[in-house]
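Reviewing the structure listed below.
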Amino acid sequence: MRHGVDTTFLVAVEVACHPYHGTARTLAGTLRRNGERFAITPQVVAEFVHIVTDGRRFSAPLNMAQAVQRAQVWWDATDVDRVLPGDETVTWLLAALTRHQLGRKRVLDTLLAGTFRSAGITSILTLNPADFAVFDGFACLPIATGTL
C-alpha cells in the first residue's frame, strides 16, 4: 500500500522537538519494515521547508540547509513515490472547494487531497485527519491529533 505523506507527519518525523516525533518515527519505521510505500508531493516538500525553519513554531528549528537536506532525503528515497498535481487534480480541487464550500485556509489541504486522489492514494499519514474528513475515500492512519 502507498501512504500519502502530509506535511504534519513529515514535520513530526523530522523535527526532534516535535511532541509526536517518536510516534511518527516509529510508525514510519514500521511501515518501511512492512514493505509499505510512501508518496510525497512538491507542495509538501515546500511547506515542510517553510515550517521547520520557522523559529516561532519550534524551540530548535532547522536551518535552511538542514531543512533542504532532510526534504531531499524524502524526495529521493527509494520507498517514496513522487506524486505531481496535474490537470485532473486542479479540476478536482476547484470542484471540491465549491462543493464543500471551503475557504482559503483549506486550499492547500484540498490540493493535496486532489493530488493523492489523482494518483490513486487513499491512505494519508497526517496529524490532522479532520483536514481530510470532508473528502470521501481517504483513510488517515491514527497517529495523533495535533497542529503545527
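Chain lettering (A, B, ...) mirrors the order of the C-alpha cells, residue numbering begins at 1 for each chain separately, and ligand numbering begins at 1 in order of display.
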
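The residue set within 12 Å of Val134 of chain A, counting only C-alpha atoms and dropping same-chain residues fewer than 2 places from it, reads Ala96, Leu97, Arg99, His100, Gln101, Leu102, Arg106, Asp109, Thr110, Ala113, Pro129, Ala130, Asp131, Phe132, Asp136, Gly137, Phe138 and Ala139 of chain A.
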
Those residues you just picked out, can you put them in a file as a short mmCIF file (atom, residue, chain, number, x, y, z; two decimals), in the first residue's frame with N, CA, C and O atoms?
```
data_model
loop_
_atom_site.label_atom_id
_atom_site.label_comp_id
_atom_site.auth_asym_id
_atom_site.auth_seq_id
_atom_site.Cartn_x
_atom_site.Cartn_y
_atom_site.Cartn_z
N ALA A 96 -14.07 20.62 -5.59
CA ALA A 96 -14.17 20.31 -4.16
C ALA A 96 -14.31 21.58 -3.32
O ALA A 96 -15.08 21.61 -2.35
N LEU A 97 -13.58 22.62 -3.68
CA LEU A 97 -13.70 23.89 -2.95
C LEU A 97 -15.13 24.42 -3.03
O LEU A 97 -15.68 24.91 -2.04
N ARG A 99 -17.98 22.55 -3.96
CA ARG A 99 -18.93 21.57 -3.42
C ARG A 99 -18.97 21.60 -1.88
O ARG A 99 -20.04 21.55 -1.29
N HIS A 100 -17.82 21.71 -1.26
CA HIS A 100 -17.76 21.67 0.21
C HIS A 100 -17.73 23.07 0.84
O HIS A 100 -17.61 23.19 2.06
N GLN A 101 -17.83 24.10 0.00
CA GLN A 101 -17.83 25.50 0.46
C GLN A 101 -16.64 25.78 1.39
O GLN A 101 -16.79 26.31 2.49
N LEU A 102 -15.46 25.41 0.90
CA LEU A 102 -14.25 25.57 1.70
C LEU A 102 -13.65 26.95 1.50
O LEU A 102 -13.70 27.50 0.40
N ARG A 106 -8.33 26.24 3.56
CA ARG A 106 -8.45 24.82 3.18
C ARG A 106 -7.92 24.54 1.78
O ARG A 106 -7.94 23.40 1.32
N ASP A 109 -4.74 21.95 1.71
CA ASP A 109 -5.13 20.58 2.05
C ASP A 109 -5.98 19.98 0.94
O ASP A 109 -5.88 18.78 0.64
N THR A 110 -6.82 20.79 0.34
CA THR A 110 -7.68 20.30 -0.74
C THR A 110 -6.83 19.95 -1.97
O THR A 110 -7.05 18.93 -2.61
N ALA A 113 -5.17 16.66 -1.17
CA ALA A 113 -6.14 15.58 -1.32
C ALA A 113 -6.37 15.25 -2.79
O ALA A 113 -6.41 14.08 -3.19
N PRO A 129 -6.25 14.52 10.85
CA PRO A 129 -7.19 13.79 9.98
C PRO A 129 -8.46 14.58 9.65
O PRO A 129 -9.06 14.35 8.61
N ALA A 130 -8.83 15.52 10.49
CA ALA A 130 -10.03 16.33 10.21
C ALA A 130 -9.87 17.12 8.92
O ALA A 130 -10.87 17.43 8.26
N ASP A 131 -8.63 17.44 8.54
CA ASP A 131 -8.40 18.18 7.29
C ASP A 131 -8.88 17.41 6.07
O ASP A 131 -9.16 18.00 5.03
N PHE A 132 -8.95 16.09 6.18
CA PHE A 132 -9.29 15.25 5.04
C PHE A 132 -10.64 14.55 5.19
O PHE A 132 -11.09 13.87 4.28
N ASP A 136 -14.49 12.18 0.64
CA ASP A 136 -14.74 10.73 0.67
C ASP A 136 -13.54 9.97 0.11
O ASP A 136 -12.83 10.46 -0.76
N GLY A 137 -13.35 8.77 0.64
CA GLY A 137 -12.37 7.88 0.04
C GLY A 137 -10.99 7.89 0.65
O GLY A 137 -10.10 7.21 0.15
N PHE A 138 -10.77 8.64 1.73
CA PHE A 138 -9.46 8.66 2.37
C PHE A 138 -9.52 8.06 3.75
O PHE A 138 -10.47 8.29 4.51
N ALA A 139 -8.50 7.31 4.09
CA ALA A 139 -8.31 6.81 5.45
C ALA A 139 -7.03 7.45 5.99
O ALA A 139 -6.04 7.52 5.27
#
```

Residues near segment 36-38 of chain A, anyone? I mean within 7 Å using only C-alpha atoms, not counting same-chain ones fewer than 2 positions away, as a list in words.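 Counting only C-alpha atoms, the residues come to Met1, Arg2, His3, Gly4, Val5, Leu31, Arg32, Asn34, Ile40, Asp79, Val80 and Asp81 of chain A.
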
My list of candidates is A:Arg33, A:Thr23, A:Glu47, A:Cys140. Which is closest to Asn128 of chain A when distances are computed with only C-alpha atoms?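 Using only C-alpha atoms, the shortest distance to Asn128 of chain A belongs to A:Cys140.
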
Find the spatial neighbours of Asp54 of chain A, counting only C-alpha atoms, within a cut-off of 12 Å - ignore same-chain residues fewer than 3 positions away - and output them as a list of chain:residue names.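 Everything that qualifies: A:Val11, A:Val15, A:Glu47, A:Phe48, A:Val49, A:His50, A:Ile51, A:Arg57, A:Phe58, A:Ser59, A:Ala60, A:Pro61, A:Leu62, A:Asn63, A:Met64, A:Ala67, A:Leu148.
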
Can you spit out the residues from that selection as an mmCIF file, in the first residue's frame, using C-alpha atoms?
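Below is the file that was written, out-v1.cif:
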```
data_model
loop_
_atom_site.group_PDB
_atom_site.id
_atom_site.type_symbol
_atom_site.label_atom_id
_atom_site.label_comp_id
_atom_site.auth_asym_id
_atom_site.auth_seq_id
_atom_site.Cartn_x
_atom_site.Cartn_y
_atom_site.Cartn_z
ATOM 1 C CA VAL A 11 7.446 17.571 10.290
ATOM 2 C CA VAL A 15 11.874 17.569 13.997
ATOM 3 C CA GLU A 47 5.629 23.506 3.051
ATOM 4 C CA PHE A 48 7.958 21.265 5.089
ATOM 5 C CA VAL A 49 10.969 23.508 4.418
ATOM 6 C CA HIS A 50 8.897 26.586 5.241
ATOM 7 C CA ILE A 51 7.623 25.192 8.556
ATOM 8 C CA ARG A 57 6.976 27.194 15.719
ATOM 9 C CA PHE A 58 9.886 25.318 17.290
ATOM 10 C CA SER A 59 12.369 25.934 20.073
ATOM 11 C CA ALA A 60 15.064 24.366 17.885
ATOM 12 C CA PRO A 61 14.134 24.998 14.235
ATOM 13 C CA LEU A 62 16.235 23.572 11.441
ATOM 14 C CA ASN A 63 18.392 25.925 9.452
ATOM 15 C CA MET A 64 17.707 26.168 5.733
ATOM 16 C CA ALA A 67 15.656 21.529 6.066
ATOM 17 C CA LEU A 148 1.877 22.512 13.518
#
```

Would you list the contacts of Leu112 of chain A as an MDAnalysis selection string, taking every protein, DNA or RNA residue within 12 Å and counting only C-alpha atoms, but skipping same-chain residues closer than 5 positions in sequence? chainID A and resid 4:7 39:45 47 83:86 89:90 92:93 96 106:107 117:119 121:122 124:126 131:132 135 138

Written file, previous selection with N, CA, C and O atoms, as a compact mmCIF listing (two decimals), in the first residue's frame:
```txt
# COMPACT_ATOMS: atom_id res chain seq x y z
N GLY A 4 0.07 8.47 1.43
CA GLY A 4 0.40 9.85 1.15
C GLY A 4 0.93 10.52 2.41
O GLY A 4 0.39 10.33 3.50
N VAL A 5 1.99 11.27 2.27
CA VAL A 5 2.62 11.95 3.39
C VAL A 5 2.14 13.41 3.44
O VAL A 5 2.38 14.17 2.50
N ASP A 6 1.46 13.75 4.51
CA ASP A 6 1.05 15.13 4.76
C ASP A 6 2.21 15.84 5.45
O ASP A 6 3.03 15.22 6.14
N THR A 7 2.26 17.15 5.32
CA THR A 7 3.34 17.92 5.93
C THR A 7 3.39 17.73 7.44
O THR A 7 4.47 17.65 8.03
N ALA A 39 4.17 8.30 -0.51
CA ALA A 39 4.02 9.20 -1.66
C ALA A 39 4.14 10.62 -1.14
O ALA A 39 3.59 10.97 -0.09
N ILE A 40 4.89 11.43 -1.87
CA ILE A 40 5.11 12.81 -1.45
C ILE A 40 4.91 13.73 -2.65
O ILE A 40 5.13 13.34 -3.79
N THR A 41 4.45 14.93 -2.36
CA THR A 41 4.16 15.91 -3.42
C THR A 41 5.10 17.10 -3.30
O THR A 41 5.65 17.37 -2.23
N PRO A 42 5.27 17.85 -4.38
CA PRO A 42 6.11 19.05 -4.30
C PRO A 42 5.59 20.06 -3.26
O PRO A 42 6.38 20.71 -2.57
N GLN A 43 4.26 20.15 -3.14
CA GLN A 43 3.72 21.12 -2.19
C GLN A 43 4.05 20.74 -0.75
O GLN A 43 4.28 21.60 0.10
N VAL A 44 4.12 19.45 -0.44
CA VAL A 44 4.50 19.02 0.91
C VAL A 44 5.98 19.33 1.16
O VAL A 44 6.34 19.80 2.24
N VAL A 45 6.81 19.08 0.17
CA VAL A 45 8.24 19.39 0.32
C VAL A 45 8.43 20.88 0.60
O VAL A 45 9.16 21.26 1.52
N GLU A 47 6.21 23.12 1.77
CA GLU A 47 5.63 23.51 3.05
C GLU A 47 6.49 23.00 4.21
O GLU A 47 6.66 23.69 5.21
N VAL A 83 4.58 12.28 -6.39
CA VAL A 83 3.24 12.42 -6.95
C VAL A 83 3.04 13.89 -7.30
O VAL A 83 3.18 14.77 -6.44
N LEU A 84 2.72 14.14 -8.55
CA LEU A 84 2.61 15.51 -9.04
C LEU A 84 1.17 15.88 -9.38
O LEU A 84 0.43 15.06 -9.94
N PRO A 85 0.76 17.10 -9.05
CA PRO A 85 -0.58 17.54 -9.45
C PRO A 85 -0.61 17.77 -10.96
O PRO A 85 0.37 18.20 -11.55
N GLY A 86 -1.74 17.46 -11.54
CA GLY A 86 -1.92 17.68 -12.97
C GLY A 86 -3.26 18.36 -13.24
O GLY A 86 -3.92 18.86 -12.31
N THR A 89 -6.11 17.06 -11.21
CA THR A 89 -6.03 17.50 -9.81
C THR A 89 -6.64 18.88 -9.63
O THR A 89 -7.41 19.11 -8.70
N VAL A 90 -6.31 19.79 -10.52
CA VAL A 90 -6.81 21.16 -10.40
C VAL A 90 -8.32 21.20 -10.65
O VAL A 90 -9.05 21.91 -9.94
N TRP A 92 -10.41 18.79 -9.96
CA TRP A 92 -10.99 18.24 -8.73
C TRP A 92 -10.91 19.26 -7.60
O TRP A 92 -11.87 19.44 -6.84
N LEU A 93 -9.78 19.95 -7.48
CA LEU A 93 -9.59 20.98 -6.44
C LEU A 93 -10.69 22.04 -6.53
O LEU A 93 -11.35 22.34 -5.53
N ALA A 96 -14.07 20.62 -5.59
CA ALA A 96 -14.17 20.31 -4.16
C ALA A 96 -14.31 21.58 -3.32
O ALA A 96 -15.08 21.61 -2.35
N ARG A 106 -8.33 26.24 3.56
CA ARG A 106 -8.45 24.82 3.18
C ARG A 106 -7.92 24.54 1.78
O ARG A 106 -7.94 23.40 1.32
N VAL A 107 -7.41 25.55 1.10
CA VAL A 107 -6.97 25.37 -0.28
C VAL A 107 -5.81 24.37 -0.39
O VAL A 107 -5.84 23.45 -1.22
N ARG A 117 -5.59 11.80 -4.60
CA ARG A 117 -6.72 11.13 -5.25
C ARG A 117 -6.38 10.81 -6.71
O ARG A 117 -6.64 9.70 -7.18
N SER A 118 -5.80 11.75 -7.42
CA SER A 118 -5.45 11.55 -8.83
C SER A 118 -4.43 10.42 -9.00
O SER A 118 -4.39 9.78 -10.05
N ALA A 119 -3.62 10.18 -7.97
CA ALA A 119 -2.60 9.12 -8.02
C ALA A 119 -3.12 7.79 -7.47
O ALA A 119 -2.37 6.83 -7.37
N ILE A 121 -4.14 7.22 -4.39
CA ILE A 121 -3.73 7.04 -2.99
C ILE A 121 -4.92 7.32 -2.09
O ILE A 121 -5.55 8.38 -2.18
N THR A 122 -5.22 6.38 -1.20
CA THR A 122 -6.37 6.52 -0.32
C THR A 122 -6.00 6.55 1.16
O THR A 122 -6.86 6.74 2.00
N ILE A 124 -3.63 8.39 4.07
CA ILE A 124 -2.83 9.60 4.31
C ILE A 124 -2.25 9.55 5.71
O ILE A 124 -2.96 9.28 6.69
N LEU A 125 -0.96 9.82 5.81
CA LEU A 125 -0.27 9.95 7.09
C LEU A 125 -0.33 11.42 7.49
O LEU A 125 0.28 12.27 6.84
N THR A 126 -1.09 11.72 8.52
CA THR A 126 -1.30 13.11 8.94
C THR A 126 -1.55 13.16 10.43
O THR A 126 -2.05 12.20 11.02
N ASP A 131 -8.63 17.44 8.54
CA ASP A 131 -8.40 18.18 7.29
C ASP A 131 -8.88 17.41 6.07
O ASP A 131 -9.16 18.00 5.03
N PHE A 132 -8.95 16.09 6.18
CA PHE A 132 -9.29 15.25 5.04
C PHE A 132 -10.64 14.55 5.19
O PHE A 132 -11.09 13.87 4.28
N PHE A 135 -13.53 14.85 2.58
CA PHE A 135 -13.38 14.22 1.28
C PHE A 135 -13.58 12.72 1.42
O PHE A 135 -12.91 12.06 2.20
N PHE A 138 -10.77 8.64 1.73
CA PHE A 138 -9.46 8.66 2.37
C PHE A 138 -9.52 8.06 3.75
O PHE A 138 -10.47 8.29 4.51
```

All helix (DSSP H, G or I) positions in chain A, as a compact mmCIF listing (two decimals) with N, CA, C and O atoms, in the first residue's frame:
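In the end it all went to selection13.txt:
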```txt
# COMPACT_ATOMS: atom_id res chain seq x y z
N THR A 7 2.26 17.15 5.32
CA THR A 7 3.34 17.92 5.93
C THR A 7 3.39 17.73 7.44
O THR A 7 4.47 17.65 8.03
N THR A 8 2.24 17.61 8.10
CA THR A 8 2.24 17.46 9.55
C THR A 8 2.99 16.21 9.97
O THR A 8 3.72 16.22 10.97
N PHE A 9 2.82 15.13 9.23
CA PHE A 9 3.52 13.89 9.53
C PHE A 9 5.02 14.03 9.27
O PHE A 9 5.85 13.65 10.10
N LEU A 10 5.37 14.61 8.14
CA LEU A 10 6.78 14.78 7.79
C LEU A 10 7.51 15.65 8.81
O LEU A 10 8.62 15.34 9.22
N VAL A 11 6.86 16.70 9.26
CA VAL A 11 7.45 17.57 10.29
C VAL A 11 7.66 16.78 11.58
O VAL A 11 8.74 16.85 12.19
N ALA A 12 6.68 16.01 11.98
CA ALA A 12 6.80 15.22 13.21
C ALA A 12 7.94 14.21 13.10
O ALA A 12 8.69 14.00 14.06
N VAL A 13 8.09 13.59 11.95
CA VAL A 13 9.15 12.61 11.75
C VAL A 13 10.53 13.27 11.84
O VAL A 13 11.45 12.71 12.44
N GLU A 14 10.67 14.45 11.29
CA GLU A 14 12.00 15.06 11.12
C GLU A 14 12.42 16.06 12.18
O GLU A 14 13.59 16.41 12.25
N HIS A 21 7.18 13.35 17.64
CA HIS A 21 8.36 12.88 16.90
C HIS A 21 8.53 11.36 17.04
O HIS A 21 8.65 10.65 16.05
N GLY A 22 8.56 10.87 18.26
CA GLY A 22 8.77 9.44 18.49
C GLY A 22 7.69 8.58 17.87
O GLY A 22 7.98 7.56 17.23
N THR A 23 6.46 8.98 18.03
CA THR A 23 5.33 8.23 17.49
C THR A 23 5.39 8.19 15.96
O THR A 23 5.21 7.12 15.35
N ALA A 24 5.66 9.33 15.34
CA ALA A 24 5.71 9.39 13.88
C ALA A 24 6.89 8.59 13.34
O ALA A 24 6.75 7.86 12.34
N ARG A 25 8.04 8.68 13.98
CA ARG A 25 9.21 7.91 13.53
C ARG A 25 8.97 6.41 13.67
O ARG A 25 9.36 5.62 12.80
N THR A 26 8.33 6.02 14.76
CA THR A 26 8.03 4.60 14.96
C THR A 26 7.10 4.10 13.87
O THR A 26 7.31 3.03 13.30
N LEU A 27 6.05 4.86 13.57
CA LEU A 27 5.11 4.46 12.53
C LEU A 27 5.81 4.38 11.18
O LEU A 27 5.63 3.40 10.43
N ALA A 28 6.61 5.37 10.84
CA ALA A 28 7.32 5.35 9.56
C ALA A 28 8.23 4.13 9.47
O ALA A 28 8.29 3.45 8.43
N GLY A 29 8.93 3.83 10.55
CA GLY A 29 9.80 2.66 10.57
C GLY A 29 9.04 1.36 10.42
O GLY A 29 9.47 0.46 9.68
N THR A 30 7.90 1.25 11.09
CA THR A 30 7.07 0.05 10.99
C THR A 30 6.57 -0.14 9.56
O THR A 30 6.62 -1.25 9.01
N LEU A 31 6.09 0.93 8.96
CA LEU A 31 5.59 0.85 7.58
C LEU A 31 6.72 0.44 6.63
O LEU A 31 6.51 -0.41 5.75
N ARG A 32 7.89 1.00 6.82
CA ARG A 32 9.04 0.64 5.97
C ARG A 32 9.40 -0.83 6.13
O ARG A 32 9.64 -1.53 5.15
N ARG A 33 9.45 -1.30 7.36
CA ARG A 33 9.79 -2.72 7.61
C ARG A 33 8.75 -3.66 7.00
O ARG A 33 9.08 -4.77 6.61
N PRO A 42 5.27 17.85 -4.38
CA PRO A 42 6.11 19.05 -4.30
C PRO A 42 5.59 20.06 -3.26
O PRO A 42 6.38 20.71 -2.57
N GLN A 43 4.26 20.15 -3.14
CA GLN A 43 3.72 21.12 -2.19
C GLN A 43 4.05 20.74 -0.75
O GLN A 43 4.28 21.60 0.10
N VAL A 44 4.12 19.45 -0.44
CA VAL A 44 4.50 19.02 0.91
C VAL A 44 5.98 19.33 1.16
O VAL A 44 6.34 19.80 2.24
N VAL A 45 6.81 19.08 0.17
CA VAL A 45 8.24 19.39 0.32
C VAL A 45 8.43 20.88 0.60
O VAL A 45 9.16 21.26 1.52
N ALA A 46 7.77 21.73 -0.16
CA ALA A 46 7.91 23.18 0.02
C ALA A 46 7.37 23.62 1.38
O ALA A 46 8.02 24.42 2.09
N GLU A 47 6.21 23.12 1.77
CA GLU A 47 5.63 23.51 3.05
C GLU A 47 6.49 23.00 4.21
O GLU A 47 6.66 23.69 5.21
N PHE A 48 7.07 21.81 4.07
CA PHE A 48 7.96 21.27 5.09
C PHE A 48 9.13 22.21 5.34
O PHE A 48 9.43 22.57 6.47
N VAL A 49 9.81 22.61 4.28
CA VAL A 49 10.97 23.51 4.42
C VAL A 49 10.54 24.81 5.08
O VAL A 49 11.22 25.32 5.96
N HIS A 50 9.41 25.34 4.67
CA HIS A 50 8.90 26.59 5.24
C HIS A 50 8.65 26.44 6.75
O HIS A 50 9.04 27.30 7.53
N ILE A 51 8.03 25.37 7.16
CA ILE A 51 7.62 25.19 8.56
C ILE A 51 8.80 24.89 9.47
O ILE A 51 8.93 25.48 10.55
N VAL A 52 9.66 23.95 9.08
CA VAL A 52 10.71 23.51 10.00
C VAL A 52 11.81 24.54 10.22
O VAL A 52 12.60 24.40 11.14
N MET A 64 18.16 26.42 7.10
CA MET A 64 17.71 26.17 5.73
C MET A 64 18.43 24.97 5.11
O MET A 64 17.79 24.12 4.48
N ALA A 65 19.72 24.88 5.31
CA ALA A 65 20.49 23.76 4.73
C ALA A 65 20.01 22.42 5.30
O ALA A 65 19.86 21.45 4.56
N GLN A 66 19.76 22.37 6.59
CA GLN A 66 19.27 21.13 7.21
C GLN A 66 17.89 20.77 6.66
O GLN A 66 17.61 19.61 6.37
N ALA A 67 17.02 21.77 6.55
CA ALA A 67 15.66 21.53 6.07
C ALA A 67 15.68 21.00 4.64
O ALA A 67 14.97 20.03 4.31
N VAL A 68 16.47 21.62 3.79
CA VAL A 68 16.55 21.19 2.39
C VAL A 68 17.13 19.78 2.31
O VAL A 68 16.64 18.93 1.56
N GLN A 69 18.15 19.49 3.13
CA GLN A 69 18.77 18.16 3.11
C GLN A 69 17.77 17.09 3.52
O GLN A 69 17.66 16.04 2.89
N ARG A 70 16.99 17.35 4.56
CA ARG A 70 16.00 16.36 5.01
C ARG A 70 14.88 16.19 4.00
O ARG A 70 14.39 15.08 3.77
N ALA A 71 14.46 17.29 3.38
CA ALA A 71 13.44 17.19 2.33
C ALA A 71 13.99 16.38 1.15
O ALA A 71 13.27 15.55 0.57
N GLN A 72 15.24 16.60 0.81
CA GLN A 72 15.87 15.88 -0.31
C GLN A 72 15.93 14.39 -0.04
O GLN A 72 15.71 13.57 -0.94
N VAL A 73 16.21 14.00 1.21
CA VAL A 73 16.25 12.58 1.56
C VAL A 73 14.90 11.93 1.27
O VAL A 73 14.83 10.85 0.69
N TRP A 74 13.82 12.59 1.67
CA TRP A 74 12.49 12.04 1.40
C TRP A 74 12.20 12.03 -0.11
O TRP A 74 11.68 11.05 -0.63
N TRP A 75 12.52 13.10 -0.79
CA TRP A 75 12.24 13.22 -2.22
C TRP A 75 12.95 12.12 -3.01
O TRP A 75 12.41 11.59 -3.99
N ASP A 76 14.16 11.76 -2.58
CA ASP A 76 14.98 10.78 -3.30
C ASP A 76 14.88 9.36 -2.78
O ASP A 76 15.46 8.44 -3.36
N ASP A 87 -3.67 18.36 -14.48
CA ASP A 87 -4.93 18.99 -14.85
C ASP A 87 -6.11 18.41 -14.09
O ASP A 87 -6.98 19.14 -13.61
N GLU A 88 -6.15 17.08 -13.97
CA GLU A 88 -7.25 16.41 -13.26
C GLU A 88 -7.29 16.87 -11.80
O GLU A 88 -8.37 17.07 -11.22
N THR A 89 -6.11 17.06 -11.21
CA THR A 89 -6.03 17.50 -9.81
C THR A 89 -6.64 18.88 -9.63
O THR A 89 -7.41 19.11 -8.70
N VAL A 90 -6.31 19.79 -10.52
CA VAL A 90 -6.81 21.16 -10.40
C VAL A 90 -8.32 21.20 -10.65
O VAL A 90 -9.05 21.91 -9.94
N THR A 91 -8.81 20.43 -11.60
CA THR A 91 -10.25 20.35 -11.83
C THR A 91 -10.96 19.85 -10.58
O THR A 91 -11.98 20.41 -10.16
N TRP A 92 -10.41 18.79 -9.96
CA TRP A 92 -10.99 18.24 -8.73
C TRP A 92 -10.91 19.26 -7.60
O TRP A 92 -11.87 19.44 -6.84
N LEU A 93 -9.78 19.95 -7.48
CA LEU A 93 -9.59 20.98 -6.44
C LEU A 93 -10.69 22.04 -6.53
O LEU A 93 -11.35 22.34 -5.53
N LEU A 94 -10.88 22.60 -7.68
CA LEU A 94 -11.86 23.67 -7.84
C LEU A 94 -13.28 23.18 -7.55
O LEU A 94 -14.06 23.87 -6.91
N ALA A 95 -13.58 21.98 -8.00
CA ALA A 95 -14.91 21.42 -7.74
C ALA A 95 -15.10 21.14 -6.25
O ALA A 95 -16.17 21.42 -5.69
N ALA A 96 -14.07 20.62 -5.59
CA ALA A 96 -14.17 20.31 -4.16
C ALA A 96 -14.31 21.58 -3.32
O ALA A 96 -15.08 21.61 -2.35
N LEU A 97 -13.58 22.62 -3.68
CA LEU A 97 -13.70 23.89 -2.95
C LEU A 97 -15.13 24.42 -3.03
O LEU A 97 -15.68 24.91 -2.04
N THR A 98 -15.72 24.30 -4.21
CA THR A 98 -17.09 24.76 -4.41
C THR A 98 -18.10 23.84 -3.71
O THR A 98 -18.95 24.30 -2.95
N ARG A 99 -17.98 22.55 -3.96
CA ARG A 99 -18.93 21.57 -3.42
C ARG A 99 -18.97 21.60 -1.88
O ARG A 99 -20.04 21.55 -1.29
N ARG A 104 -10.32 29.85 2.23
CA ARG A 104 -8.92 29.98 1.83
C ARG A 104 -7.96 29.15 2.66
O ARG A 104 -6.94 28.71 2.18
N LYS A 105 -8.29 28.90 3.91
CA LYS A 105 -7.40 28.11 4.76
C LYS A 105 -7.44 26.62 4.43
O LYS A 105 -6.65 25.85 4.96
N ARG A 106 -8.33 26.24 3.56
CA ARG A 106 -8.45 24.82 3.18
C ARG A 106 -7.92 24.54 1.78
O ARG A 106 -7.94 23.40 1.32
N VAL A 107 -7.41 25.55 1.10
CA VAL A 107 -6.97 25.37 -0.28
C VAL A 107 -5.81 24.37 -0.39
O VAL A 107 -5.84 23.45 -1.22
N LEU A 108 -4.78 24.50 0.44
CA LEU A 108 -3.62 23.62 0.31
C LEU A 108 -3.93 22.17 0.66
O LEU A 108 -3.47 21.25 -0.01
N ASP A 109 -4.74 21.95 1.71
CA ASP A 109 -5.13 20.58 2.05
C ASP A 109 -5.98 19.98 0.94
O ASP A 109 -5.88 18.78 0.64
N THR A 110 -6.82 20.79 0.34
CA THR A 110 -7.68 20.30 -0.74
C THR A 110 -6.83 19.95 -1.97
O THR A 110 -7.05 18.93 -2.61
N LEU A 111 -5.84 20.78 -2.27
CA LEU A 111 -4.92 20.47 -3.37
C LEU A 111 -4.18 19.17 -3.09
O LEU A 111 -4.02 18.33 -3.98
N LEU A 112 -3.73 18.98 -1.86
CA LEU A 112 -3.03 17.75 -1.50
C LEU A 112 -3.95 16.55 -1.66
O LEU A 112 -3.56 15.52 -2.23
N ALA A 113 -5.17 16.66 -1.17
CA ALA A 113 -6.14 15.58 -1.32
C ALA A 113 -6.37 15.25 -2.79
O ALA A 113 -6.41 14.08 -3.19
N GLY A 114 -6.51 16.28 -3.60
CA GLY A 114 -6.72 16.06 -5.03
C GLY A 114 -5.52 15.42 -5.71
O GLY A 114 -5.67 14.56 -6.58
N THR A 115 -4.33 15.80 -5.28
CA THR A 115 -3.11 15.21 -5.85
C THR A 115 -3.04 13.73 -5.50
O THR A 115 -2.76 12.88 -6.36
N PHE A 116 -3.31 13.40 -4.24
CA PHE A 116 -3.30 12.00 -3.83
C PHE A 116 -4.41 11.22 -4.54
O PHE A 116 -4.20 10.11 -5.02
N ARG A 117 -5.59 11.80 -4.60
CA ARG A 117 -6.72 11.13 -5.25
C ARG A 117 -6.38 10.81 -6.71
O ARG A 117 -6.64 9.70 -7.18
N SER A 118 -5.80 11.75 -7.42
CA SER A 118 -5.45 11.55 -8.83
C SER A 118 -4.43 10.42 -9.00
O SER A 118 -4.39 9.78 -10.05
N ALA A 130 -8.83 15.52 10.49
CA ALA A 130 -10.03 16.33 10.21
C ALA A 130 -9.87 17.12 8.92
O ALA A 130 -10.87 17.43 8.26
N ASP A 131 -8.63 17.44 8.54
CA ASP A 131 -8.40 18.18 7.29
C ASP A 131 -8.88 17.41 6.07
O ASP A 131 -9.16 18.00 5.03
N PHE A 132 -8.95 16.09 6.18
CA PHE A 132 -9.29 15.25 5.04
C PHE A 132 -10.64 14.55 5.19
O PHE A 132 -11.09 13.87 4.28
N ALA A 133 -11.28 14.73 6.33
CA ALA A 133 -12.53 14.03 6.63
C ALA A 133 -13.66 14.41 5.68
O ALA A 133 -14.52 13.59 5.38
```
